[in-house]
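Just target_20.cif here, mmCIF, C-alpha atoms:
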```cif
data_start
#
loop_
_atom_site.group_PDB
_atom_site.id
_atom_site.type_symbol
_atom_site.label_atom_id
_atom_site.label_comp_id
_atom_site.auth_asym_id
_atom_site.auth_seq_id
_atom_site.Cartn_x
_atom_site.Cartn_y
_atom_site.Cartn_z
ATOM 1 C CA MET A 1 0.000 0.000 0.000
ATOM 2 C CA THR A 2 2.818 2.350 0.928
ATOM 3 C CA ALA A 3 4.723 1.481 -2.221
ATOM 4 C CA ARG A 4 1.605 2.197 -4.271
ATOM 5 C CA THR A 5 1.190 5.592 -2.561
ATOM 6 C CA ASP A 6 4.844 6.450 -3.150
ATOM 7 C CA GLU A 7 4.456 5.477 -6.771
ATOM 8 C CA LEU A 8 1.406 7.734 -7.203
ATOM 9 C CA THR A 9 3.110 10.635 -5.444
ATOM 10 C CA SER A 10 6.124 10.233 -7.683
ATOM 11 C CA LEU A 11 3.941 10.185 -10.775
ATOM 12 C CA GLU A 12 2.118 13.356 -9.673
ATOM 13 C CA THR A 13 5.282 15.307 -9.017
ATOM 14 C CA ASP A 14 6.891 14.127 -12.236
ATOM 15 C CA ASP A 15 3.967 15.059 -14.483
ATOM 16 C CA PRO A 16 3.882 18.808 -15.242
ATOM 17 C CA GLY A 17 0.944 18.253 -17.599
ATOM 18 C CA ASN A 18 -1.308 17.071 -14.762
ATOM 19 C CA TRP A 19 -3.975 19.773 -14.347
ATOM 20 C CA THR A 20 -4.745 18.796 -10.745
ATOM 21 C CA THR A 21 -1.081 19.020 -9.770
ATOM 22 C CA ARG A 22 -0.720 22.403 -11.431
ATOM 23 C CA LEU A 23 -3.910 23.708 -9.831
ATOM 24 C CA ARG A 24 -2.742 22.486 -6.412
ATOM 25 C CA GLY A 25 0.569 24.242 -6.956
ATOM 26 C CA ARG A 26 -1.212 27.469 -7.904
ATOM 27 C CA ILE A 27 -3.456 27.321 -4.831
ATOM 28 C CA GLU A 28 -0.537 26.525 -2.517
ATOM 29 C CA GLY A 29 1.444 29.385 -4.035
ATOM 30 C CA LEU A 30 -1.283 31.998 -3.551
ATOM 31 C CA VAL A 31 -0.083 32.825 -0.056
ATOM 32 C CA PRO A 32 3.414 32.302 1.427
ATOM 33 C CA ALA A 33 3.669 29.308 3.736
ATOM 34 C CA GLY A 34 2.209 30.051 7.178
ATOM 35 C CA GLN A 35 0.676 33.366 6.113
ATOM 36 C CA ALA A 36 -2.882 32.213 5.368
ATOM 37 C CA LEU A 37 -3.880 32.488 9.025
ATOM 38 C CA PRO A 38 -0.854 33.963 10.839
ATOM 39 C CA ALA A 39 -0.954 33.947 14.618
ATOM 40 C CA ARG A 40 1.447 36.893 14.909
ATOM 41 C CA GLN A 41 1.630 40.276 13.189
ATOM 42 C CA PRO A 42 4.207 43.075 12.969
ATOM 43 C CA VAL A 43 4.207 45.430 15.969
ATOM 44 C CA TYR A 44 2.703 48.357 13.994
ATOM 45 C CA VAL A 45 -0.509 46.357 13.496
ATOM 46 C CA ALA A 46 -1.236 46.930 17.207
ATOM 47 C CA SER A 47 -3.508 49.912 16.403
ATOM 48 C CA TRP A 48 -7.287 50.296 16.362
ATOM 49 C CA ILE A 49 -7.139 51.540 12.759
ATOM 50 C CA TYR A 50 -6.200 48.021 11.651
ATOM 51 C CA ILE A 51 -9.352 46.597 13.261
ATOM 52 C CA PHE A 52 -11.850 48.056 10.794
ATOM 53 C CA GLY A 53 -11.068 45.640 7.963
ATOM 54 C CA VAL A 54 -11.887 42.688 10.210
ATOM 55 C CA LEU A 55 -14.989 44.486 11.530
ATOM 56 C CA THR A 56 -16.128 44.967 7.919
ATOM 57 C CA LEU A 57 -15.623 41.266 7.272
ATOM 58 C CA THR A 58 -17.503 40.353 10.462
ATOM 59 C CA SER A 59 -20.411 42.587 9.454
ATOM 60 C CA LEU A 60 -20.472 40.938 6.029
ATOM 61 C CA VAL A 61 -20.868 37.534 7.699
ATOM 62 C CA VAL A 62 -23.907 38.845 9.640
ATOM 63 C CA VAL A 63 -25.295 40.448 6.458
ATOM 64 C CA ILE A 64 -25.063 37.174 4.523
ATOM 65 C CA ALA A 65 -26.389 35.046 7.405
ATOM 66 C CA SER A 66 -29.403 37.313 8.027
ATOM 67 C CA GLY A 67 -30.013 37.500 4.271
ATOM 68 C CA CYS A 68 -30.098 33.688 4.089
ATOM 69 C CA VAL A 69 -32.687 33.604 6.903
ATOM 70 C CA LEU A 70 -34.763 36.239 5.052
ATOM 71 C CA ALA A 71 -34.576 34.075 1.923
ATOM 72 C CA LEU A 72 -36.148 31.207 3.880
ATOM 73 C CA GLY A 73 -39.207 33.309 4.693
ATOM 74 C CA GLY A 74 -39.466 35.030 1.333
ATOM 75 C CA VAL A 75 -39.545 38.635 0.232
ATOM 76 C CA GLN A 76 -42.921 39.385 1.874
ATOM 77 C CA TRP A 77 -42.103 37.665 5.178
ATOM 78 C CA TRP A 78 -40.929 40.753 7.026
ATOM 79 C CA HIS A 79 -44.267 42.500 6.411
ATOM 80 C CA VAL A 80 -46.356 39.846 8.152
ATOM 81 C CA SER A 81 -44.113 38.370 10.857
ATOM 82 C CA SER A 82 -42.500 39.991 13.904
ATOM 83 C CA LEU A 83 -39.627 37.510 13.591
ATOM 84 C CA GLY A 84 -39.296 38.377 9.916
ATOM 85 C CA HIS A 85 -39.311 42.080 10.799
ATOM 86 C CA TYR A 86 -36.563 41.475 13.378
ATOM 87 C CA VAL A 87 -34.382 39.532 10.914
ATOM 88 C CA ASN A 88 -34.955 42.251 8.305
ATOM 89 C CA SER A 89 -33.782 44.851 10.835
ATOM 90 C CA VAL A 90 -30.690 42.745 11.635
ATOM 91 C CA HIS A 91 -30.006 42.621 7.885
ATOM 92 C CA LEU A 92 -30.436 46.396 7.484
ATOM 93 C CA TRP A 93 -28.348 47.425 10.489
ATOM 94 C CA SER A 94 -25.567 44.943 9.771
ATOM 95 C CA VAL A 95 -25.366 46.548 6.319
ATOM 96 C CA GLU A 96 -25.203 50.006 7.946
ATOM 97 C CA LEU A 97 -22.337 48.825 10.161
ATOM 98 C CA PHE A 98 -20.702 47.083 7.167
ATOM 99 C CA PHE A 99 -20.565 50.366 5.251
ATOM 100 C CA GLY A 100 -19.546 52.411 8.288
ATOM 101 C CA PHE A 101 -16.634 50.089 9.090
ATOM 102 C CA MET A 102 -15.672 49.816 5.405
ATOM 103 C CA VAL A 103 -15.503 53.612 4.973
ATOM 104 C CA VAL A 104 -13.320 54.058 8.090
ATOM 105 C CA HIS A 105 -11.145 51.173 6.779
ATOM 106 C CA LEU A 106 -10.942 53.005 3.425
ATOM 107 C CA TRP A 107 -9.991 56.298 5.086
ATOM 108 C CA GLY A 108 -7.279 54.575 7.120
ATOM 109 C CA LYS A 109 -5.826 52.794 4.092
ATOM 110 C CA PHE A 110 -5.972 55.940 1.941
ATOM 111 C CA TRP A 111 -4.039 58.068 4.421
ATOM 112 C CA MET A 112 -1.407 55.373 4.923
ATOM 113 C CA ALA A 113 -1.103 54.968 1.103
ATOM 114 C CA ALA A 114 -1.847 51.275 1.379
ATOM 115 C CA TRP A 115 -1.109 50.653 -2.306
ATOM 116 C CA ARG A 116 2.652 50.838 -1.572
ATOM 117 C CA GLY A 117 4.848 47.733 -1.869
ATOM 118 C CA LYS A 118 3.135 46.061 -4.849
ATOM 119 C CA ARG A 119 -0.256 46.313 -3.138
ATOM 120 C CA ALA A 120 -1.993 48.173 -6.006
ATOM 121 C CA LEU A 121 -4.253 45.208 -6.798
ATOM 122 C CA THR A 122 -5.234 44.982 -3.133
ATOM 123 C CA TRP A 123 -6.292 48.647 -3.243
ATOM 124 C CA ILE A 124 -8.105 48.230 -6.581
ATOM 125 C CA SER A 125 -9.987 45.134 -5.402
ATOM 126 C CA GLY A 126 -11.017 47.044 -2.273
ATOM 127 C CA MET A 127 -12.353 49.957 -4.329
ATOM 128 C CA MET A 128 -14.229 47.512 -6.588
ATOM 129 C CA LEU A 129 -15.690 45.909 -3.461
ATOM 130 C CA PHE A 130 -16.846 49.330 -2.271
ATOM 131 C CA GLY A 131 -18.571 49.973 -5.616
ATOM 132 C CA ILE A 132 -20.244 46.583 -5.965
ATOM 133 C CA SER A 133 -21.360 46.742 -2.315
ATOM 134 C CA ILE A 134 -23.162 50.016 -3.047
ATOM 135 C CA GLY A 135 -24.898 48.331 -6.006
ATOM 136 C CA THR A 136 -25.886 45.406 -3.788
ATOM 137 C CA SER A 137 -27.385 47.705 -1.170
ATOM 138 C CA PHE A 138 -29.297 49.707 -3.815
ATOM 139 C CA THR A 139 -30.911 46.532 -5.183
ATOM 140 C CA GLY A 140 -31.753 45.639 -1.583
ATOM 141 C CA PHE A 141 -33.688 48.897 -1.209
ATOM 142 C CA LEU A 142 -35.484 47.963 -4.454
ATOM 143 C CA SER A 143 -36.434 44.574 -2.966
ATOM 144 C CA GLN A 144 -38.322 45.856 0.090
ATOM 145 C CA SER A 145 -41.672 45.155 -1.634
ATOM 146 C CA ASN A 146 -43.257 48.352 -0.303
ATOM 147 C CA PHE A 147 -43.991 51.921 -1.439
ATOM 148 C CA SER A 148 -40.426 52.973 -0.604
ATOM 149 C CA SER A 149 -38.981 50.477 -3.104
ATOM 150 C CA GLN A 150 -41.507 51.623 -5.727
ATOM 151 C CA TRP A 151 -40.524 55.247 -5.206
ATOM 152 C CA ILE A 152 -36.791 54.445 -5.353
ATOM 153 C CA GLY A 153 -37.325 52.413 -8.549
ATOM 154 C CA ALA A 154 -39.297 55.204 -10.179
ATOM 155 C CA GLU A 155 -36.638 57.764 -9.228
ATOM 156 C CA GLY A 156 -33.743 55.537 -10.233
ATOM 157 C CA LYS A 157 -34.986 54.478 -13.669
ATOM 158 C CA ASP A 158 -34.123 57.821 -15.274
ATOM 159 C CA GLY A 159 -30.578 57.691 -13.990
ATOM 160 C CA ILE A 160 -30.113 54.105 -15.173
ATOM 161 C CA ASN A 161 -31.658 54.947 -18.560
ATOM 162 C CA SER A 162 -29.380 57.984 -18.933
ATOM 163 C CA ILE A 163 -26.311 55.707 -18.878
ATOM 164 C CA GLY A 164 -27.909 53.311 -21.375
ATOM 165 C CA ALA A 165 -28.291 50.370 -19.021
ATOM 166 C CA GLY A 166 -32.065 50.499 -18.592
ATOM 167 C CA ALA A 167 -32.721 47.867 -21.269
ATOM 168 C CA PHE A 168 -30.641 45.314 -19.371
ATOM 169 C CA PHE A 169 -30.988 46.496 -15.763
ATOM 170 C CA ASN A 170 -34.602 47.517 -15.136
ATOM 171 C CA VAL A 171 -34.957 48.983 -11.642
ATOM 172 C CA LEU A 172 -38.753 48.889 -12.073
ATOM 173 C CA ASN A 173 -38.605 45.077 -12.311
ATOM 174 C CA PRO A 174 -38.620 43.880 -8.663
ATOM 175 C CA GLY A 175 -38.021 40.239 -9.667
ATOM 176 C CA GLN A 176 -34.857 41.105 -11.581
ATOM 177 C CA MET A 177 -33.637 43.410 -8.803
ATOM 178 C CA LEU A 178 -34.270 40.738 -6.152
ATOM 179 C CA LEU A 179 -32.285 38.128 -8.094
ATOM 180 C CA TRP A 180 -29.412 40.567 -8.639
ATOM 181 C CA HIS A 181 -29.540 41.347 -4.911
ATOM 182 C CA VAL A 182 -29.535 37.744 -3.651
ATOM 183 C CA VAL A 183 -27.461 35.955 -6.323
ATOM 184 C CA LEU A 184 -25.307 37.920 -8.760
ATOM 185 C CA LEU A 185 -24.112 40.860 -6.669
ATOM 186 C CA PRO A 186 -23.459 38.853 -3.461
ATOM 187 C CA LEU A 187 -21.487 36.394 -5.614
ATOM 188 C CA GLY A 188 -19.395 39.314 -6.847
ATOM 189 C CA VAL A 189 -18.939 40.644 -3.318
ATOM 190 C CA GLY A 190 -17.934 37.182 -2.080
ATOM 191 C CA LEU A 191 -15.396 36.538 -4.837
ATOM 192 C CA LEU A 192 -13.882 40.020 -4.546
ATOM 193 C CA THR A 193 -13.675 39.670 -0.770
ATOM 194 C CA LEU A 194 -11.848 36.346 -1.201
ATOM 195 C CA LEU A 195 -9.444 37.968 -3.690
ATOM 196 C CA HIS A 196 -8.930 40.968 -1.383
ATOM 197 C CA ILE A 197 -8.108 38.766 1.624
ATOM 198 C CA ILE A 198 -5.757 36.546 -0.405
ATOM 199 C CA LEU A 199 -3.919 39.648 -1.640
ATOM 200 C CA VAL A 200 -3.658 41.042 1.899
ATOM 201 C CA ARG A 201 -2.255 37.732 3.153
ATOM 202 C CA ARG A 202 0.041 37.477 0.097
ATOM 203 C CA ARG A 203 1.648 40.904 0.472
ATOM 204 C CA GLY A 204 1.128 41.329 4.223
ATOM 205 C CA VAL A 205 -0.303 44.327 6.044
ATOM 206 C CA VAL A 206 1.057 47.618 4.753
ATOM 207 C CA PRO A 207 3.547 49.244 7.166
ATOM 208 C CA PRO A 208 3.069 52.844 8.332
ATOM 209 C CA LEU A 209 4.666 55.545 6.134
ATOM 210 C CA ASP A 210 7.325 56.477 8.696
ATOM 211 C CA ALA A 211 8.223 52.821 9.289
ATOM 212 C CA GLU A 212 9.019 52.360 5.608
ATOM 213 C CA LEU A 213 11.016 55.613 5.430
ATOM 214 C CA GLU A 214 13.144 54.497 8.377
ATOM 215 C CA GLY A 215 13.757 51.129 6.708
ATOM 216 C CA MET B 1 -49.678 54.365 15.451
ATOM 217 C CA SER B 2 -46.751 53.956 17.808
ATOM 218 C CA ALA B 3 -44.482 56.794 18.853
ATOM 219 C CA LEU B 4 -41.632 55.197 16.896
ATOM 220 C CA SER B 5 -43.560 55.184 13.625
ATOM 221 C CA ILE B 6 -44.487 58.860 14.157
ATOM 222 C CA VAL B 7 -40.790 59.689 14.531
ATOM 223 C CA ALA B 8 -39.896 57.615 11.461
ATOM 224 C CA GLY B 9 -42.591 59.295 9.394
ATOM 225 C CA ALA B 10 -41.648 62.864 10.321
ATOM 226 C CA PRO B 11 -39.854 64.922 7.651
ATOM 227 C CA GLY B 12 -36.114 65.228 8.267
ATOM 228 C CA LYS B 13 -34.392 68.475 9.164
ATOM 229 C CA TYR B 14 -31.952 69.730 6.560
ATOM 230 C CA ILE B 15 -28.971 72.045 6.680
ATOM 231 C CA SER B 16 -28.348 74.170 3.586
ATOM 232 C CA TRP B 17 -24.927 75.698 2.918
ATOM 233 C CA GLY B 18 -24.639 77.055 -0.616
ATOM 234 C CA VAL B 19 -24.973 74.136 -3.023
ATOM 235 C CA ILE B 20 -24.603 71.669 -0.168
ATOM 236 C CA GLN B 21 -27.787 70.346 1.405
ATOM 237 C CA ILE B 22 -27.615 67.536 3.942
ATOM 238 C CA SER B 23 -29.963 66.107 6.540
ATOM 239 C CA VAL B 24 -29.038 66.517 10.184
ATOM 240 C CA ALA B 25 -29.148 62.719 10.608
ATOM 241 C CA ASN B 26 -26.655 62.098 7.789
ATOM 242 C CA LEU B 27 -24.379 64.893 9.035
ATOM 243 C CA ALA B 28 -24.455 63.417 12.554
ATOM 244 C CA ILE B 29 -23.517 59.952 11.201
ATOM 245 C CA ILE B 30 -20.634 61.390 9.152
ATOM 246 C CA GLY B 31 -19.466 63.310 12.239
ATOM 247 C CA ALA B 32 -19.607 60.122 14.322
ATOM 248 C CA MET B 33 -17.578 58.245 11.696
ATOM 249 C CA VAL B 34 -14.923 60.981 11.582
ATOM 250 C CA LEU B 35 -14.779 60.903 15.393
ATOM 251 C CA LEU B 36 -14.444 57.097 15.295
ATOM 252 C CA PHE B 37 -11.606 57.444 12.769
ATOM 253 C CA ILE B 38 -9.741 59.944 14.954
ATOM 254 C CA LEU B 39 -10.255 57.800 18.063
ATOM 255 C CA ALA B 40 -8.920 54.751 16.186
ATOM 256 C CA LEU B 41 -5.732 56.719 15.465
ATOM 257 C CA VAL B 42 -5.103 58.137 18.937
ATOM 258 C CA VAL B 43 -6.520 55.614 21.422
ATOM 259 C CA PRO B 44 -3.753 53.184 22.464
ATOM 260 C CA PHE B 45 -4.298 49.553 21.505
ATOM 261 C CA PRO B 46 -4.018 47.013 24.349
ATOM 262 C CA THR B 47 -0.998 44.780 23.798
ATOM 263 C CA HIS B 48 0.483 41.811 25.608
ATOM 264 C CA ASP B 49 4.006 41.949 27.010
ATOM 265 C CA GLU B 50 6.386 39.989 24.799
ATOM 266 C CA GLN B 51 7.962 36.853 26.246
ATOM 267 C CA PRO B 52 11.749 36.928 25.656
ATOM 268 C CA GLU B 53 11.802 33.430 24.102
ATOM 269 C CA GLN B 54 9.075 34.343 21.589
ATOM 270 C CA GLU B 55 10.678 37.499 20.188
ATOM 271 C CA GLY B 56 12.554 35.539 17.536
ATOM 272 C CA ARG B 57 9.290 34.357 15.972
ATOM 273 C CA THR B 58 7.951 37.784 15.075
ATOM 274 C CA GLN B 59 7.468 38.352 11.371
#
```

What's the structure tokens form of this structure?
Amino acid sequence: MTARTDELTSLETDDPGNWTTRLRGRIEGLVPAGQALPARQPVYVASWIYIFGVLTLTSLVVVIASGCVLALGGVQWWHVSSLGHYVNSVHLWSVELFFGFMVVHLWGKFWMAAWRGKRALTWISGMMLFGISIGTSFTGFLSQSNFSSQWIGAEGKDGINSIGAGAFFNVLNPGQMLLWHVVLLPLGVGLLTLLHIILVRRRGVVPPLDAELEG
Amino acid sequence: MSALSIVAGAPGKYISWGVIQISVANLAIIGAMVLLFILALVVPFPTHDEQPEQEGRTQ
């Protein structure tokens, strides 16, 4: 059995054309060894300003979890159930906190020029996350199934039409907006968040400006 | 109608300054976020004392 295992291992390492081997190598090479979940950080990370990225991520977990519970009850659930109303409020306020923490995180990273040290893609992915998160929240407001969502849709259609996207992205179509809100845009947020975290772990946390100048 | 719904249904108060017009609620939230940002910069972060034998493992 051991000889068979050794033989297979040898075959895998010797075959550069093996897609699984190459994919495993790519995944293992995404982040330096031991840096995926490091237990220790440089001393300059001991500052409250470095907390807001994690708080944003924590809020996103609550947003997604409460959104999944809302999906169980359906889009009308929060109008007819006190539990549904509570979960809807958890969803709303976790989004408020998500954006609040994300903006403070953005301010902190902007003023420490966090794109230094080959971290440009980290910065760009963060800005894309900010943009797609705004789109996700807007489609959420369009999915309230009440007069507020109707009013927002009616106001928003002219803006969407003015950029030529109205034929494909109809804010007056609550079904389309709901599906964008619960499938497509959260998928984008999730994938970008994964990319953002991998890039942060790959390059490490950006040092303060004065720390780099001293080095 | 509960007191809360009366508050939620009341028209917001707005501050106008030239071309800028913003509700008091939004201005208060922005002010709170700026305050939070400043506090995050100046409030010391609680740290553990380093053990001498562990210093070599810092990144």

For the file shown, what are the residues hit by the PyMOL selection byres ((chain A) within 12 of (chain B)), laid out as a PDB file with C-alpha atoms, keeping the file's coordinate frame?
```pdb
ATOM      1  CA  GLY A  34       2.209  30.051   7.178  1.00  0.00           C
ATOM      2  CA  GLN A  35       0.676  33.366   6.113  1.00  0.00           C
ATOM      3  CA  PRO A  38      -0.854  33.963  10.839  1.00  0.00           C
ATOM      4  CA  ALA A  39      -0.954  33.947  14.618  1.00  0.00           C
ATOM      5  CA  ARG A  40       1.447  36.893  14.909  1.00  0.00           C
ATOM      6  CA  GLN A  41       1.630  40.276  13.189  1.00  0.00           C
ATOM      7  CA  PRO A  42       4.207  43.075  12.969  1.00  0.00           C
ATOM      8  CA  VAL A  43       4.207  45.430  15.969  1.00  0.00           C
ATOM      9  CA  TYR A  44       2.703  48.357  13.994  1.00  0.00           C
ATOM     10  CA  VAL A  45      -0.509  46.357  13.496  1.00  0.00           C
ATOM     11  CA  ALA A  46      -1.236  46.930  17.207  1.00  0.00           C
ATOM     12  CA  SER A  47      -3.508  49.912  16.403  1.00  0.00           C
ATOM     13  CA  TRP A  48      -7.287  50.296  16.362  1.00  0.00           C
ATOM     14  CA  ILE A  49      -7.139  51.540  12.759  1.00  0.00           C
ATOM     15  CA  TYR A  50      -6.200  48.021  11.651  1.00  0.00           C
ATOM     16  CA  ILE A  51      -9.352  46.597  13.261  1.00  0.00           C
ATOM     17  CA  PHE A  52     -11.850  48.056  10.794  1.00  0.00           C
ATOM     18  CA  GLU A  96     -25.203  50.006   7.946  1.00  0.00           C
ATOM     19  CA  LEU A  97     -22.337  48.825  10.161  1.00  0.00           C
ATOM     20  CA  PHE A  99     -20.565  50.366   5.251  1.00  0.00           C
ATOM     21  CA  GLY A 100     -19.546  52.411   8.288  1.00  0.00           C
ATOM     22  CA  PHE A 101     -16.634  50.089   9.090  1.00  0.00           C
ATOM     23  CA  MET A 102     -15.672  49.816   5.405  1.00  0.00           C
ATOM     24  CA  VAL A 103     -15.503  53.612   4.973  1.00  0.00           C
ATOM     25  CA  VAL A 104     -13.320  54.058   8.090  1.00  0.00           C
ATOM     26  CA  HIS A 105     -11.145  51.173   6.779  1.00  0.00           C
ATOM     27  CA  LEU A 106     -10.942  53.005   3.425  1.00  0.00           C
ATOM     28  CA  TRP A 107      -9.991  56.298   5.086  1.00  0.00           C
ATOM     29  CA  GLY A 108      -7.279  54.575   7.120  1.00  0.00           C
ATOM     30  CA  LYS A 109      -5.826  52.794   4.092  1.00  0.00           C
ATOM     31  CA  TRP A 111      -4.039  58.068   4.421  1.00  0.00           C
ATOM     32  CA  MET A 112      -1.407  55.373   4.923  1.00  0.00           C
ATOM     33  CA  GLY A 204       1.128  41.329   4.223  1.00  0.00           C
ATOM     34  CA  VAL A 205      -0.303  44.327   6.044  1.00  0.00           C
ATOM     35  CA  PRO A 208       3.069  52.844   8.332  1.00  0.00           C
TER      36      PRO A 208
END
```

Which residues fall under the PyMOL selection byres ((chain B and resi 12) around 12) in this file, as a PDB file with C-alpha atoms, in the frame of the given file?
```
ATOM      1  CA  VAL B   7     -40.790  59.689  14.531  1.00  0.00           C
ATOM      2  CA  ALA B   8     -39.896  57.615  11.461  1.00  0.00           C
ATOM      3  CA  GLY B   9     -42.591  59.295   9.394  1.00  0.00           C
ATOM      4  CA  ALA B  10     -41.648  62.864  10.321  1.00  0.00           C
ATOM      5  CA  PRO B  11     -39.854  64.922   7.651  1.00  0.00           C
ATOM      6  CA  LYS B  13     -34.392  68.475   9.164  1.00  0.00           C
ATOM      7  CA  TYR B  14     -31.952  69.730   6.560  1.00  0.00           C
ATOM      8  CA  ILE B  15     -28.971  72.045   6.680  1.00  0.00           C
ATOM      9  CA  GLN B  21     -27.787  70.346   1.405  1.00  0.00           C
ATOM     10  CA  ILE B  22     -27.615  67.536   3.942  1.00  0.00           C
ATOM     11  CA  SER B  23     -29.963  66.107   6.540  1.00  0.00           C
ATOM     12  CA  VAL B  24     -29.038  66.517  10.184  1.00  0.00           C
ATOM     13  CA  ALA B  25     -29.148  62.719  10.608  1.00  0.00           C
ATOM     14  CA  ASN B  26     -26.655  62.098   7.789  1.00  0.00           C
ATOM     15  CA  LEU B  27     -24.379  64.893   9.035  1.00  0.00           C
TER      16      LEU B  27
END
```

(request) To one decimal in Å, tell me the separation between atom CA of A:Gly126 and atom CA of A:Leu70. (result)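 Pair atom CA of A:Gly126 / atom CA of A:Leu70 returns 27.1 Å.
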
(message) One number please: atom CA of A:Thr139 to atom CA of A:Ser82, in Å, one decimal.
(response)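 So the two atoms, atom CA of A:Thr139 and atom CA of A:Ser82, lie 23.3 Å apart.
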
(request) Would you translate the PyMOL selection byres ((chain A and resi 171) around 6) into the concrete set of residues it matches in this file, as a list in words? (result) Gly153, Lys157, Asn170, Leu172 and Asn173 of chain A

Dump as an mmCIF file, in the coordinates of the input, selection limited to C-alpha atoms:
```cif
data_model
loop_
_atom_site.group_PDB
_atom_site.id
_atom_site.type_symbol
_atom_site.label_atom_id
_atom_site.label_comp_id
_atom_site.auth_asym_id
_atom_site.auth_seq_id
_atom_site.Cartn_x
_atom_site.Cartn_y
_atom_site.Cartn_z
ATOM 1 C CA GLY A 153 -37.325 52.413 -8.549
ATOM 2 C CA LYS A 157 -34.986 54.478 -13.669
ATOM 3 C CA ASN A 170 -34.602 47.517 -15.136
ATOM 4 C CA LEU A 172 -38.753 48.889 -12.073
ATOM 5 C CA ASN A 173 -38.605 45.077 -12.311
#
```

(request) Could you give me, as a VMD selection string, the residues that sit within 7 Å of (-18.5, 42.0, -8.3) in the file's coordinates, counting only C-alpha atoms? (result) chain A and resid 129 132 185 187 to 189 192

(request) Provide the atom CA of A:Pro186 to atom CA of A:Glu28 distance in Å, to one decimal place. (result) 26.0 Å

Hey, can I get the axis-aligned box for stretch 34-51 of chain B? All listed atoms, 3 Å padding on each side, centre and edge lengths in Å to one decimal, as lines of an AutoDock Vina configuration file.
```
center_x = -3.5
center_y = 48.9
center_z = 19.3
size_x = 28.9
size_y = 30.1
size_z = 21.4
```

(message) Residues within 7 Å of A:Pro174, please, as a list in words. Count all atoms listed in the file; anything in the same chain fewer than 4 positions from it doesn't count.
(response)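 Residues meeting the cut-off are Leu142, Ser143 and Leu178 of chain A.
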